[in-house]
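Report on the following structure.
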Amino acid sequence: MPSASDPTSTSTVGRPVVTAARAGRAVLLVALVAAVLSFPSLAPNPYVLSAGILVLNYALLSTSWNFVGGFTGYISLGHGALAGLGAYGTGLLVTEAGLPSF
């Protein structure tokens with residue numbers, strides 16, 4: 001029989017007990033999501049906005065690499081190939097077609 005101080009114990013209605021640490025993490029996650037979503041409207045100039053987009057792009061790429069290469073142990077060269085093709089295509093569009101980078 002679990003004791004009252006056991007973090008996996010349930011309350012009288014059968015739901016898990018919400019701890020302060022878990023609630024704090026949820027509040028922190030909501031604040032982080034709100035900050036990321038409000039970043040485009042708060043960026044002072046287009047350079048900061050494009051740098052922020054680039055940082056988020058690399059964060060997404062590293063997270064996907066962690067899923068494929070870290071958790072499963074498979075070697076995937078597709079991530080690097082797609083990132084390289086995207087960078088090459090963007091470079092061609094900027095230099096040859098005269099389009100803005102973002």
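We name chains A, B, ... following the order of the structure tokens; residues begin at 1 in each chain, and ligands are numbered from 1 as shown.
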Per-residue nearest contacts of region 16-75 of chain A to region 83-97 of chain A (12 Å; only C-alpha atoms) as a Markdown table:
```
| residue | atom | partner | partner_atom | distance |
| --- | --- | --- | --- | --- |
| A:Leu54 | CA | A:Ala87 | CA | 11.3 |
| A:Asn57 | CA | A:Ala83 | CA | 9.8 |
| A:Tyr58 | CA | A:Ala83 | CA | 9.4 |
| A:Leu60 | CA | A:Ala83 | CA | 11.3 |
| A:Leu61 | CA | A:Ala83 | CA | 8.4 |
| A:Ser62 | CA | A:Ala83 | CA | 11.2 |
| A:Trp65 | CA | A:Ala83 | CA | 11.7 |
```
Could you write those residues out with N, CA and C atoms, as a short mmCIF file (atom, residue, chain, number, x, y, z; two decimals), in the first residue's frame?
```
data_model
loop_
_atom_site.label_atom_id
_atom_site.label_comp_id
_atom_site.auth_asym_id
_atom_site.auth_seq_id
_atom_site.Cartn_x
_atom_site.Cartn_y
_atom_site.Cartn_z
N LEU A 54 16.81 31.59 -37.74
CA LEU A 54 17.92 30.67 -37.99
C LEU A 54 18.24 29.83 -36.76
N ASN A 57 15.59 27.23 -36.43
CA ASN A 57 15.77 26.22 -37.46
C ASN A 57 16.84 25.20 -37.03
N TYR A 58 17.96 25.69 -36.51
CA TYR A 58 19.00 24.78 -36.05
C TYR A 58 18.56 23.99 -34.82
N LEU A 60 15.49 22.96 -34.24
CA LEU A 60 14.63 21.91 -34.77
C LEU A 60 15.45 20.81 -35.44
N LEU A 61 16.48 21.20 -36.19
CA LEU A 61 17.33 20.23 -36.86
C LEU A 61 18.08 19.36 -35.84
N SER A 62 18.59 19.98 -34.77
CA SER A 62 19.31 19.19 -33.77
C SER A 62 18.37 18.28 -32.99
N TRP A 65 17.71 15.33 -35.20
CA TRP A 65 18.91 14.48 -35.24
C TRP A 65 19.02 13.66 -33.95
#
```
Among chain A, which residues does DSSP mark as alpha helix (DSSP H) when it is run on the backbone? Keep the chain and numbering as in the structure and answer as a ChimeraX atom specification. /A:20-42,46-65,78-95
Considering only C-alpha atoms, return as a tab-separated table (two decimals) with N, CA and C atoms, in the first residue's frame whatever protein or nucleic-acid residues lie within 12 Å of Tyr47 (chain A), sequence-local ones (same chain, fewer than 6 positions apart) excluded.
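Everything below was put into selection-v2.tsv:
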```
chain	number	residue	atom	x	y	z
A	40	PRO	N	8.39	37.29	-33.10
A	40	PRO	CA	8.35	38.07	-34.34
A	40	PRO	C	7.80	39.48	-34.17
A	53	ILE	N	15.04	33.24	-36.39
A	53	ILE	CA	14.51	32.16	-37.22
A	53	ILE	C	15.59	31.12	-37.50
A	54	LEU	N	16.81	31.59	-37.74
A	54	LEU	CA	17.92	30.67	-37.99
A	54	LEU	C	18.24	29.83	-36.76
A	100	PRO	N	15.34	38.38	-51.45
A	100	PRO	CA	15.85	38.53	-50.07
A	100	PRO	C	15.96	37.16	-49.41
A	101	SER	N	16.86	37.03	-48.45
A	101	SER	CA	17.11	35.72	-47.85
A	101	SER	C	15.95	35.21	-47.02
A	102	PHE	N	15.22	36.10	-46.35
A	102	PHE	CA	14.07	35.64	-45.57
A	102	PHE	C	12.84	36.33	-46.07
```
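Counting only C-alpha atoms and comparing A:Leu99, A:Leu29, A:Val17, A:Val36, the residue that lies closest to Leu56 (chain A) is A:Val36.
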Do you have the CA of Ser76 (chain A)-CA of Thr63 (chain A) distance handy?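 That distance, rounded to one decimal, is 13.3 Å.
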So what do you get for CA of Ser64 (chain A) versus CA of Gly78 (chain A), distance-wise?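 We find that CA of Ser64 (chain A) and CA of Gly78 (chain A) lie 11.0 Å from each other.
For the pair CA of Val55 (chain A) and CA of Leu37 (chain A), the interatomic distance is 14.1 Å.
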